[in-house]
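Enquirer: Below is run16.txt; it holds compact mmCIF, C-alpha atoms.
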# COMPACT_ATOMS: atom_id res chain seq x y z
CA MET A 1 25.44 3.66 -0.01
CA PRO A 2 24.82 3.69 3.73
CA VAL A 3 24.91 0.57 5.87
CA TYR A 4 21.68 -0.02 7.78
CA SER A 5 21.24 -1.77 11.09
CA MET A 6 18.22 -4.03 11.53
CA THR A 7 17.56 -2.46 14.92
CA GLY A 8 15.62 0.79 14.86
CA TYR A 9 12.75 2.78 16.29
CA ALA A 10 10.86 5.89 15.21
CA SER A 11 7.46 7.48 15.65
CA ALA A 12 5.55 10.25 13.93
CA THR A 13 2.36 12.06 14.85
CA ALA A 14 0.36 13.98 12.27
CA GLN A 15 -2.67 16.20 12.63
CA PRO A 16 -5.34 16.34 9.91
CA SER A 17 -5.99 19.65 8.18
CA ASN A 18 -9.43 21.18 8.62
CA THR A 19 -10.71 21.22 5.05
CA GLY A 20 -14.40 21.37 5.88
CA GLU A 21 -15.01 17.96 4.32
CA THR A 22 -17.80 15.71 5.46
CA PRO A 23 -16.62 13.64 8.41
CA SER A 24 -15.67 10.08 7.52
CA SER A 25 -15.34 6.92 9.52
CA HIS A 26 -11.62 7.66 9.84
CA ALA A 27 -12.07 11.20 11.19
CA THR A 28 -9.53 11.68 13.93
CA ALA A 29 -7.87 14.44 15.86
CA GLY A 30 -4.50 12.85 15.02
CA VAL A 31 -2.70 9.66 14.16
CA THR A 32 0.52 8.26 15.63
CA VAL A 33 2.61 5.73 13.75
CA GLU A 34 5.40 3.79 15.50
CA ALA A 35 7.94 1.55 13.79
CA ARG A 36 10.34 -0.73 15.62
CA SER A 37 12.50 -3.62 14.50
CA VAL A 38 15.12 -6.11 15.63
CA ASN A 39 17.39 -8.40 13.66
CA GLY A 40 15.90 -11.20 11.59
CA ARG A 41 16.94 -13.45 8.76
CA PHE A 42 14.23 -12.12 6.45
CA LEU A 43 11.69 -9.29 6.55
CA ASP A 44 9.00 -10.25 9.05
CA LEU A 45 6.47 -7.42 9.02
CA SER A 46 3.47 -7.18 11.33
CA PHE A 47 0.82 -4.48 11.85
CA ARG A 48 -1.05 -3.35 14.92
CA MET A 49 -3.81 -0.89 14.05
CA PRO A 50 -7.54 -0.22 14.60
CA ASP A 51 -9.87 -2.38 12.56
CA GLU A 52 -11.19 0.62 10.60
CA LEU A 53 -7.67 1.15 9.20
CA ARG A 54 -7.15 -2.45 8.02
CA SER A 55 -8.03 -1.43 4.46
CA LEU A 56 -4.74 0.53 4.40
CA GLU A 57 -2.58 -2.51 5.19
CA PRO A 58 -1.69 -3.32 1.53
CA ALA A 59 -0.55 0.26 0.89
CA LEU A 60 1.41 0.33 4.15
CA ARG A 61 3.04 -3.02 3.37
CA GLU A 62 4.10 -1.80 -0.07
CA LEU A 63 5.51 1.38 1.49
CA VAL A 64 7.62 -0.55 3.99
CA THR A 65 8.82 -3.37 1.72
CA SER A 66 10.04 -0.87 -0.89
CA GLN A 67 12.60 0.47 1.61
CA VAL A 68 13.20 -2.22 4.23
CA LYS A 69 14.70 -5.60 3.27
CA ARG A 70 15.38 -7.51 6.49
CA GLY A 71 14.42 -7.56 10.15
CA LYS A 72 11.52 -8.42 12.42
CA MET A 73 9.50 -5.20 12.16
CA GLU A 74 6.30 -4.01 13.78
CA LEU A 75 4.28 -1.03 12.56
CA ARG A 76 1.82 0.26 15.15
CA ILE A 77 -0.85 2.85 14.35
CA SER A 78 -3.05 4.52 16.94
CA THR A 79 -5.64 7.26 16.50
CA GLN A 80 -6.86 9.90 18.92
CA ARG A 81 -10.48 10.75 18.27
CA GLU A 82 -12.18 14.06 18.98
CA SER A 83 -14.40 13.87 22.05
CA GLU A 84 -17.42 14.98 20.01
CA SER A 85 -16.61 12.49 17.28
CA SER A 86 -15.89 9.51 19.49
CA ILE A 87 -19.26 8.20 18.33
CA PRO A 88 -19.37 7.88 14.53
CA ASN A 89 -21.74 10.18 12.68
CA PRO A 90 -23.69 7.89 10.32
CA GLN A 91 -24.44 9.27 6.89
CA PRO A 92 -27.87 8.97 5.25
CA ASP A 93 -26.58 6.81 2.40
CA GLN A 94 -25.04 4.43 4.94
CA LEU A 95 -28.30 4.15 6.90
CA ASN A 96 -30.37 3.66 3.72
CA ARG A 97 -28.09 0.90 2.53
CA LEU A 98 -28.11 -0.76 5.95
CA ALA A 99 -31.92 -0.66 6.03
CA ARG A 100 -32.13 -2.30 2.60
CA LEU A 101 -29.70 -5.00 3.64
CA GLU A 102 -31.71 -5.69 6.80
CA GLU A 103 -34.93 -6.03 4.80
CA GLN A 104 -33.26 -8.51 2.42
CA VAL A 105 -31.99 -10.60 5.31
CA LYS A 106 -35.39 -10.65 7.02
CA ALA A 107 -37.04 -11.68 3.75
CA TRP A 108 -34.92 -14.83 3.81
CA PHE A 109 -34.82 -15.25 7.59
CA PRO A 110 -38.08 -13.89 9.09
CA LYS A 111 -37.05 -14.88 12.61
CA ALA A 112 -33.76 -12.93 12.45
CA GLN A 113 -33.45 -10.24 15.12
CA GLY A 114 -33.28 -6.60 14.12
CA LEU A 115 -30.10 -4.55 14.35
CA THR A 116 -29.39 -2.69 17.55
CA VAL A 117 -28.26 0.93 17.60
CA GLN A 118 -24.76 -0.13 18.66
CA GLU A 119 -24.51 -2.61 15.78
CA ALA A 120 -25.70 0.01 13.30
CA LEU A 121 -23.15 2.54 14.58
CA GLN A 122 -20.37 -0.04 14.41
CA TRP A 123 -21.26 -0.86 10.81
CA CYS A 124 -21.27 2.82 9.89
CA LYS A 125 -17.91 3.17 11.60
CA SER A 126 -16.23 0.47 9.50
CA GLY A 127 -18.42 0.34 6.41
CA THR A 128 -16.93 3.22 4.45
CA ALA A 129 -15.03 1.92 1.43
CA GLY A 130 -12.56 3.53 -0.88
CA PRO A 131 -9.76 6.01 -0.29
CA SER A 132 -10.39 9.24 1.58
CA ALA A 133 -8.49 12.27 2.78
CA ALA A 134 -8.20 10.59 6.16
CA ASP A 135 -6.55 7.58 4.51
CA GLU A 136 -3.93 9.83 2.93
CA HIS A 137 -3.46 11.46 6.31
CA VAL A 138 -2.60 8.09 7.84
CA LEU A 139 -0.27 7.19 4.95
CA GLU A 140 1.52 10.53 5.26
CA ALA A 141 2.11 9.87 8.97
CA ALA A 142 3.47 6.43 8.03
CA ARG A 143 5.83 7.99 5.48
CA GLN A 144 7.15 10.43 8.06
CA CYS A 145 7.64 7.61 10.55
CA LEU A 146 9.42 5.41 8.01
CA LYS A 147 11.75 8.28 7.10
CA GLY A 148 12.77 8.70 10.75
CA PHE A 149 12.99 4.92 11.13
CA LEU A 150 15.46 4.61 8.23
CA GLU A 151 17.51 7.49 9.59
CA ALA A 152 17.72 5.75 12.97
CA ARG A 153 18.81 2.50 11.30
CA GLU A 154 21.40 4.38 9.27
CA ARG A 155 22.87 5.99 12.41
CA GLU A 156 23.01 2.61 14.13
CA GLY A 157 24.56 1.08 11.00
CA ALA A 158 27.32 3.72 10.95
CA LYS A 159 28.23 2.78 14.52
CA LEU A 160 28.30 -0.90 13.58
CA VAL A 161 30.66 -0.17 10.68
CA VAL A 162 33.11 1.52 13.07
CA MET A 163 33.03 -1.51 15.38
CA LEU A 164 33.46 -3.96 12.49
CA LYS A 165 36.46 -2.06 11.13
CA GLN A 166 38.07 -2.17 14.57
CA ARG A 167 37.67 -5.96 14.72
CA VAL A 168 39.00 -6.32 11.17
CA ALA A 169 42.06 -4.28 12.15
CA THR A 170 42.55 -6.56 15.17
CA LEU A 171 42.49 -9.65 12.93
CA ARG A 172 45.03 -8.09 10.58
CA GLN A 173 47.34 -7.39 13.51
CA LEU A 174 47.03 -11.00 14.67
CA ALA A 175 47.81 -12.26 11.16
CA ASP A 176 50.87 -10.00 11.06
CA GLN A 177 52.00 -11.45 14.40
CA ALA A 178 51.57 -15.01 13.18
CA GLU A 179 53.32 -14.67 9.83
CA PRO A 180 56.96 -14.31 11.08
CA LEU A 181 56.44 -17.23 13.45
CA ILE A 182 55.60 -19.71 10.69
CA PRO A 183 59.04 -20.37 9.09
CA ALA A 184 60.78 -20.91 12.44
CA ALA A 185 57.99 -23.17 13.69
CA VAL A 186 58.01 -25.25 10.49
CA GLN A 187 61.82 -25.56 10.53
CA ARG A 188 61.79 -26.57 14.18
CA GLN A 189 59.20 -29.27 13.58
CA ARG A 190 61.06 -30.47 10.48
CA GLU A 191 64.26 -30.95 12.47
CA ARG A 192 62.35 -32.71 15.24
CA PHE A 193 60.77 -35.01 12.67
CA LEU A 194 64.16 -35.97 11.24
CA GLU A 195 65.52 -36.67 14.73
CA ARG A 196 62.64 -38.98 15.55
CA TRP A 197 62.95 -40.61 12.16
CA GLN A 198 66.60 -41.43 12.87
CA GLU A 199 65.73 -42.70 16.33
CA ALA A 200 63.09 -45.00 14.86
CA LEU A 201 65.50 -46.35 12.27
CA ASN A 202 68.15 -47.08 14.89
CA ALA A 203 65.64 -48.78 17.16
CA THR A 204 64.39 -51.09 14.39
CA GLY A 205 67.77 -51.76 12.80
CA ALA A 206 66.58 -50.64 9.36
CA THR A 207 69.98 -49.06 8.61
CA THR A 208 71.51 -52.50 8.18
CA SER A 209 69.12 -53.60 5.41
CA VAL A 210 68.61 -50.35 3.48
CA SER A 211 71.25 -48.05 2.09
CA GLU A 212 71.93 -44.87 3.97
CA GLN A 213 71.32 -42.75 0.87
CA SER A 214 67.87 -44.25 0.31
CA LEU A 215 66.95 -43.67 3.95
CA GLN A 216 68.17 -40.10 3.75
CA GLU A 217 66.10 -39.36 0.65
CA ARG A 218 63.02 -40.95 2.19
CA ALA A 219 63.50 -38.96 5.38
CA LEU A 220 63.81 -35.68 3.51
CA ASN A 221 60.69 -36.41 1.45
CA GLU A 222 58.67 -37.29 4.54
CA ALA A 223 59.95 -34.20 6.36
CA ALA A 224 58.99 -31.98 3.41
CA ALA A 225 55.50 -33.49 3.28
CA TYR A 226 55.11 -33.00 7.01
CA ALA A 227 56.28 -29.38 6.72
CA LEU A 228 53.64 -28.72 4.08
CA ARG A 229 50.91 -30.15 6.32
CA ILE A 230 51.77 -27.86 9.22
CA ASP A 231 52.46 -24.72 7.16
CA VAL A 232 49.63 -22.19 7.78
CA ALA A 233 50.81 -19.51 5.34
CA GLU A 234 47.94 -20.33 2.96
CA GLU A 235 45.39 -19.96 5.74
CA LEU A 236 46.74 -16.52 6.60
CA THR A 237 46.61 -15.52 2.92
CA ARG A 238 42.97 -16.58 2.62
CA LEU A 239 42.11 -14.90 5.91
CA ARG A 240 43.57 -11.62 4.67
CA ALA A 241 41.63 -12.00 1.40
CA HIS A 242 38.38 -12.40 3.37
CA LEU A 243 39.23 -9.32 5.45
CA ASP A 244 39.83 -7.35 2.25
CA GLU A 245 36.38 -8.39 1.04
CA VAL A 246 34.80 -7.30 4.34
CA ASP A 247 36.44 -3.89 3.96
CA ARG A 248 35.22 -3.63 0.38
CA LEU A 249 31.63 -4.44 1.33
CA LEU A 250 31.63 -1.99 4.24
CA LYS A 251 32.90 0.73 1.92
CA LYS A 252 30.30 -0.12 -0.73
CA GLY A 253 27.37 -0.24 1.71
CA GLY A 254 23.82 -1.31 0.83
CA ASP A 255 22.29 -4.70 1.59
CA LEU A 256 25.31 -6.68 2.70
CA GLY A 257 24.30 -8.50 5.89
CA LYS A 258 23.98 -11.95 4.30
CA ARG A 259 27.29 -11.66 2.43
CA LEU A 260 29.07 -10.54 5.58
CA ASP A 261 27.56 -13.45 7.48
CA PHE A 262 28.98 -15.85 4.87
CA LEU A 263 32.41 -14.23 5.18
CA MET A 264 32.29 -14.70 8.96
CA GLN A 265 31.91 -18.44 8.39
CA GLU A 266 34.93 -18.43 6.09
CA LEU A 267 37.02 -16.44 8.58
CA HIS A 268 36.08 -18.86 11.35
CA ARG A 269 37.09 -21.80 9.15
CA GLU A 270 40.54 -20.33 8.50
CA ALA A 271 41.07 -19.57 12.20
CA ASN A 272 40.06 -23.14 13.08
CA THR A 273 42.48 -24.57 10.54
CA LEU A 274 45.24 -22.33 11.85
CA GLY A 275 44.62 -23.66 15.36
CA SER A 276 44.50 -27.31 14.31
CA LYS A 277 47.75 -27.07 12.30
CA ALA A 278 49.62 -24.88 14.80
CA VAL A 279 52.78 -26.54 16.11
CA ALA A 280 53.82 -23.67 18.35
CA ILE A 281 52.07 -22.40 21.45
CA GLU A 282 52.37 -18.84 20.09
CA LEU A 283 50.38 -19.75 16.98
CA THR A 284 47.79 -21.56 19.08
CA ASN A 285 47.29 -18.46 21.23
CA ILE A 286 46.94 -16.29 18.13
CA SER A 287 44.34 -18.70 16.75
CA VAL A 288 42.30 -18.42 19.96
CA GLU A 289 42.44 -14.62 19.87
CA MET A 290 41.35 -14.70 16.22
CA LYS A 291 38.32 -16.81 17.07
CA VAL A 292 37.31 -14.36 19.80
CA ALA A 293 37.56 -11.40 17.39
CA ILE A 294 35.62 -13.28 14.71
CA GLU A 295 32.83 -14.14 17.17
CA GLN A 296 32.62 -10.45 18.06
CA LEU A 297 32.45 -9.64 14.35
CA LYS A 298 29.73 -12.22 13.76
CA GLU A 299 27.64 -10.89 16.64
CA GLN A 300 27.61 -7.39 15.12
CA VAL A 301 27.17 -8.60 11.55
CA GLN A 302 23.90 -10.27 12.55
CA ASN A 303 22.47 -6.78 13.19
CA ILE A 304 23.24 -5.49 9.68
CA GLU A 305 20.50 -5.45 7.06
Would you mind writing the file's structure down as structure tokens?

Expert:
Amino acid sequence: MPVYSMTGYASATAQPSNTGETPSSHATAGVTVEARSVNGRFLDLSFRMPDELRSLEPALRELVTSQVKRGKMELRISTQRESESSIPNPQPDQLNRLARLEEQVKAWFPKAQGLTVQEALQWCKSGTAGPSAADEHVLEAARQCLKGFLEAREREGAKLVVMLKQRVATLRQLADQAEPLIPAAVQRQRERFLERWQEALNATGATTSVSEQSLQERALNEAAAYALRIDVAEELTRLRAHLDEVDRLLKKGGDLGKRLDFLMQELHREANTLGSKAVAIELTNISVEMKVAIEQLKEQVQNIE
């Protein structure tokens, strides 16, 4: 499955076919649908369209939500009306119904003012109910736009995958650099610990009250415990496991933004632990470089659906 970015833009313009049907309130020379989105934690969908098209919002929302899962998205629809049809052409049934409604209102409110021509035309413009050929024309333009929109997000997602794989490769290289440094660093710190232990014993005179063998065993136990605390081999193992999972998800594709975001937190945790336990300047530098690469990863992951 492809990986989609949450950033995308597309537009589609469709022209209605001349079928000779009676003009409706939606009669237009053409309709343009624009879709744009940026990253977002959830799907935040908004519409900008003429009031006479508001009846199509449920169908448009269903169309979008069936294919888009995350992102702050705006769908904008604009119509270009024929010059001769810029004023709506009221139909007899509309005018008859409007006249009956006006009579009913005046029966209850005798002092109510009569409708103006502009108000009557506006009602005829937006009073048509039910689906029409023009409605399907708008929905078809929306489908074309959404198709181009998803293609744009897929292209952007493919570029993001390339960047993410580069950062993952960088982290693997840093882990490979750190691994051979660990045994020497642990051994060096173990020897330093034993030296300071002996210095402390000599300074306090403990060697005169405790047997040398007991002190030696205690020193070795303490040195072993200290070596375990500063050993970062487990952190590197977990970091590599998280990188393997990132590779697996990128290969699988689909909706993986939230899972990748969780893995970024885990990678950052391992890099932090590596830095806090590092006892060699080389390991500290590697930890810093890892954090930089992970931050770059996280920044790009936030754009993935």

Enquirer: Pick the closest to Leu98 of chain A from A:Leu75, A:Leu53, A:Leu121, A:Leu274: which is it, counting all atoms listed in the file?

Expert: A:Leu121

Enquirer: Quick one: distance from atom CA of Arg167 of chain A to atom CA of Glu235 of chain A in Å, one decimal?

Expert: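 Calculated distance between atom CA of Arg167 of chain A and atom CA of Glu235 of chain A is 18.3 Å.
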
Enquirer: Env of Lys291 of chain A: 12 Å cut, atoms = all atoms listed in the file, seq-sep filter 4 positions within chain, self excluded. Answer as a list in words.

Expert: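 The contact residues come out as Arg167, Thr170, Leu171, Leu174, Leu239, Met264, Gln265, Glu266, Leu267, His268, Arg269, Glu270, Ala271, Asn272, Thr273, Leu274, Gly275, Thr284, Asn285, Ile286, Ser287, Glu295, Gln296, Leu297 and Lys298 of chain A.
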
Enquirer: Which residues are near Cys145 of chain A? Cut-off 8 Å, only C-alpha atoms, ignore same chain within fewer than 2 positions. Put them as a list in words.

Expert: Ala10, Ser11, Ala12, Val33, Glu34, Ala35, Ala141, Ala142, Arg143, Lys147, Gly148 and Phe149 of chain A

Enquirer: If you measure from atom CA of Gln80 of chain A to atom CA of Glu140 of chain A, what distance in Å do you get, rounded to one decimal?

Expert: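 Atom-to-atom, atom CA of Gln80 of chain A to atom CA of Glu140 of chain A, that is 16.0 Å.
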
Enquirer: Go through A:Gln166, A:Gln122, A:Gln15, A:Ser5 one by one, measure the shortest atom-to-atom distance of each to Arg70 of chain A using all atoms listed in the file, and give the residue with the smallest value.

Expert: A:Ser5

Enquirer: Interatomic distance between atom CA of Arg76 of chain A and atom CA of Ser46 of chain A?

Expert: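 Computing the Euclidean distance for atom CA of Arg76 of chain A and atom CA of Ser46 of chain A yields 8.5 Å.
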
Enquirer: Find the spatial neighbours of Leu160 of chain A, counting only C-alpha atoms, within a cut-off of 9 Å - ignore same-chain residues fewer than 5 positions away - and output them as a list in words.

Expert: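 Surrounding residues, per the criterion: Val3, Tyr4, Ser5, Arg155, Lys165, Gln300, Val301, Asn303 and Ile304 of chain A.
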
Enquirer: Once 8 Å is added on each side, what centre and edge lengths in Å to one decimal does the axis-aligned box around all listed atoms of segment 155-173 of chain A have, as JSON?

Expert:
{"center_x": 35.1, "center_y": -1.8, "center_z": 13.0, "size_x": 40.5, "size_y": 31.6, "size_z": 20.8}

Enquirer: Choose the residue, out of A:Met73, A:Arg259, A:Val138, A:Gln113, that has the smallest atom-to-atom separation from Glu57 of chain A; count all atoms listed in the file.

Expert: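 Answer, going by the shortest atom-to-atom distance: A:Val138.
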
Enquirer: Which residue is closest to Val168 of chain A? Choose from A:Ala112, A:Val288, A:Val246, A:Val31 and count all atoms listed in the file.

Expert: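 Comparing A:Ala112, A:Val288, A:Val246, A:Val31 against Val168 of chain A, the winner is A:Val246.
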
Enquirer: Check the smallest atom-to-atom distance from each of A:Glu289, A:Ala158, A:Lys106, A:Pro2 to Gly253 of chain A using all atoms listed in the file, then report the winner.

Expert: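 Ranking A:Glu289, A:Ala158, A:Lys106, A:Pro2 by distance to Gly253 of chain A, first place goes to A:Pro2.
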
Enquirer: Could you give me, as a PyMOL selection string, the residues within 8 Å of Gly71 of chain A, counting all atoms listed in the file and dropping anything in the same chain fewer than 3 positions from it?

Expert: chain A and resi 6-7+37-44+305

Enquirer: Might you pull out every residue within 12 Å of Asp247 of chain A, with all atoms listed in the file counted and same-chain residues fewer than 5 positions away left off, and present them as a list of chain:residue names?

Expert: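 Listed by chain and then number, they are A:Val161, A:Val162, A:Leu164, A:Lys165, A:Gln166, A:Arg167, A:Val168, A:Ala169, A:Arg172, A:Arg240, A:Ala241, A:His242, A:Lys252, A:Gly253, A:Leu256, A:Leu260, A:Leu263.
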
Enquirer: Can you sort out segment 27-51 of chain A so it carries N, CA and C atoms, written as an mmCIF file, in the coordinates of the input?

Expert:
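So selection.cif came out as:
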data_model
loop_
_atom_site.group_PDB
_atom_site.id
_atom_site.type_symbol
_atom_site.label_atom_id
_atom_site.label_comp_id
_atom_site.auth_asym_id
_atom_site.auth_seq_id
_atom_site.Cartn_x
_atom_site.Cartn_y
_atom_site.Cartn_z
ATOM 1 N N ALA A 27 -12.323 9.864 10.683
ATOM 2 C CA ALA A 27 -12.070 11.200 11.190
ATOM 3 C C ALA A 27 -11.422 11.140 12.554
ATOM 4 N N THR A 28 -10.272 11.725 12.691
ATOM 5 C CA THR A 28 -9.530 11.680 13.930
ATOM 6 C C THR A 28 -8.918 13.033 14.227
ATOM 7 N N ALA A 29 -8.580 13.230 15.485
ATOM 8 C CA ALA A 29 -7.870 14.440 15.860
ATOM 9 C C ALA A 29 -6.396 14.294 15.540
ATOM 10 N N GLY A 30 -5.902 13.080 15.325
ATOM 11 C CA GLY A 30 -4.500 12.850 15.020
ATOM 12 C C GLY A 30 -4.218 11.371 14.921
ATOM 13 N N VAL A 31 -3.096 11.051 14.305
ATOM 14 C CA VAL A 31 -2.700 9.660 14.160
ATOM 15 C C VAL A 31 -1.223 9.552 14.515
ATOM 16 N N THR A 32 -0.876 8.515 15.250
ATOM 17 C CA THR A 32 0.520 8.260 15.630
ATOM 18 C C THR A 32 0.944 6.927 15.045
ATOM 19 N N VAL A 33 2.068 6.939 14.355
ATOM 20 C CA VAL A 33 2.610 5.730 13.750
ATOM 21 C C VAL A 33 3.959 5.440 14.400
ATOM 22 N N GLU A 34 4.138 4.219 14.895
ATOM 23 C CA GLU A 34 5.400 3.790 15.500
ATOM 24 C C GLU A 34 5.955 2.619 14.703
ATOM 25 N N ALA A 35 7.251 2.654 14.477
ATOM 26 C CA ALA A 35 7.940 1.550 13.790
ATOM 27 C C ALA A 35 9.105 1.112 14.647
ATOM 28 N N ARG A 36 9.228 -0.178 14.850
ATOM 29 C CA ARG A 36 10.340 -0.730 15.620
ATOM 30 C C ARG A 36 10.753 -2.050 14.984
ATOM 31 N N SER A 37 12.023 -2.380 15.103
ATOM 32 C CA SER A 37 12.500 -3.620 14.500
ATOM 33 C C SER A 37 13.727 -4.136 15.239
ATOM 34 N N VAL A 38 13.919 -5.442 15.139
ATOM 35 C CA VAL A 38 15.120 -6.110 15.630
ATOM 36 C C VAL A 38 15.644 -6.984 14.505
ATOM 37 N N ASN A 39 16.780 -7.627 14.738
ATOM 38 C CA ASN A 39 17.390 -8.400 13.660
ATOM 39 C C ASN A 39 16.563 -9.638 13.326
ATOM 40 N N GLY A 40 16.617 -10.025 12.079
ATOM 41 C CA GLY A 40 15.900 -11.200 11.590
ATOM 42 C C GLY A 40 16.509 -11.648 10.282
ATOM 43 N N ARG A 41 16.335 -12.919 9.977
ATOM 44 C CA ARG A 41 16.940 -13.450 8.760
ATOM 45 C C ARG A 41 16.298 -12.878 7.514
ATOM 46 N N PHE A 42 14.975 -12.690 7.562
ATOM 47 C CA PHE A 42 14.230 -12.120 6.450
ATOM 48 C C PHE A 42 13.378 -10.971 6.985
ATOM 49 N N LEU A 43 12.598 -10.341 6.118
ATOM 50 C CA LEU A 43 11.690 -9.290 6.550
ATOM 51 C C LEU A 43 10.421 -9.929 7.099
ATOM 52 N N ASP A 44 10.190 -9.746 8.377
ATOM 53 C CA ASP A 44 9.000 -10.250 9.050
ATOM 54 C C ASP A 44 8.220 -9.039 9.536
ATOM 55 N N LEU A 45 7.190 -8.661 8.782
ATOM 56 C CA LEU A 45 6.470 -7.420 9.020
ATOM 57 C C LEU A 45 5.098 -7.709 9.614
ATOM 58 N N SER A 46 4.774 -7.035 10.705
ATOM 59 C CA SER A 46 3.470 -7.180 11.330
ATOM 60 C C SER A 46 2.876 -5.797 11.599
ATOM 61 N N PHE A 47 1.535 -5.744 11.644
ATOM 62 C CA PHE A 47 0.820 -4.480 11.850
ATOM 63 C C PHE A 47 -0.066 -4.585 13.079
ATOM 64 N N ARG A 48 -0.106 -3.485 13.818
ATOM 65 C CA ARG A 48 -1.050 -3.350 14.920
ATOM 66 C C ARG A 48 -1.760 -2.019 14.716
ATOM 67 N N MET A 49 -3.057 -2.096 14.397
ATOM 68 C CA MET A 49 -3.810 -0.890 14.050
ATOM 69 C C MET A 49 -5.297 -1.112 14.325
ATOM 70 N N PRO A 50 -6.081 -0.052 14.438
ATOM 71 C CA PRO A 50 -7.540 -0.220 14.600
ATOM 72 C C PRO A 50 -8.143 -0.923 13.398
ATOM 73 N N ASP A 51 -9.239 -1.621 13.636
ATOM 74 C CA ASP A 51 -9.870 -2.380 12.560
ATOM 75 C C ASP A 51 -10.303 -1.490 11.398
#
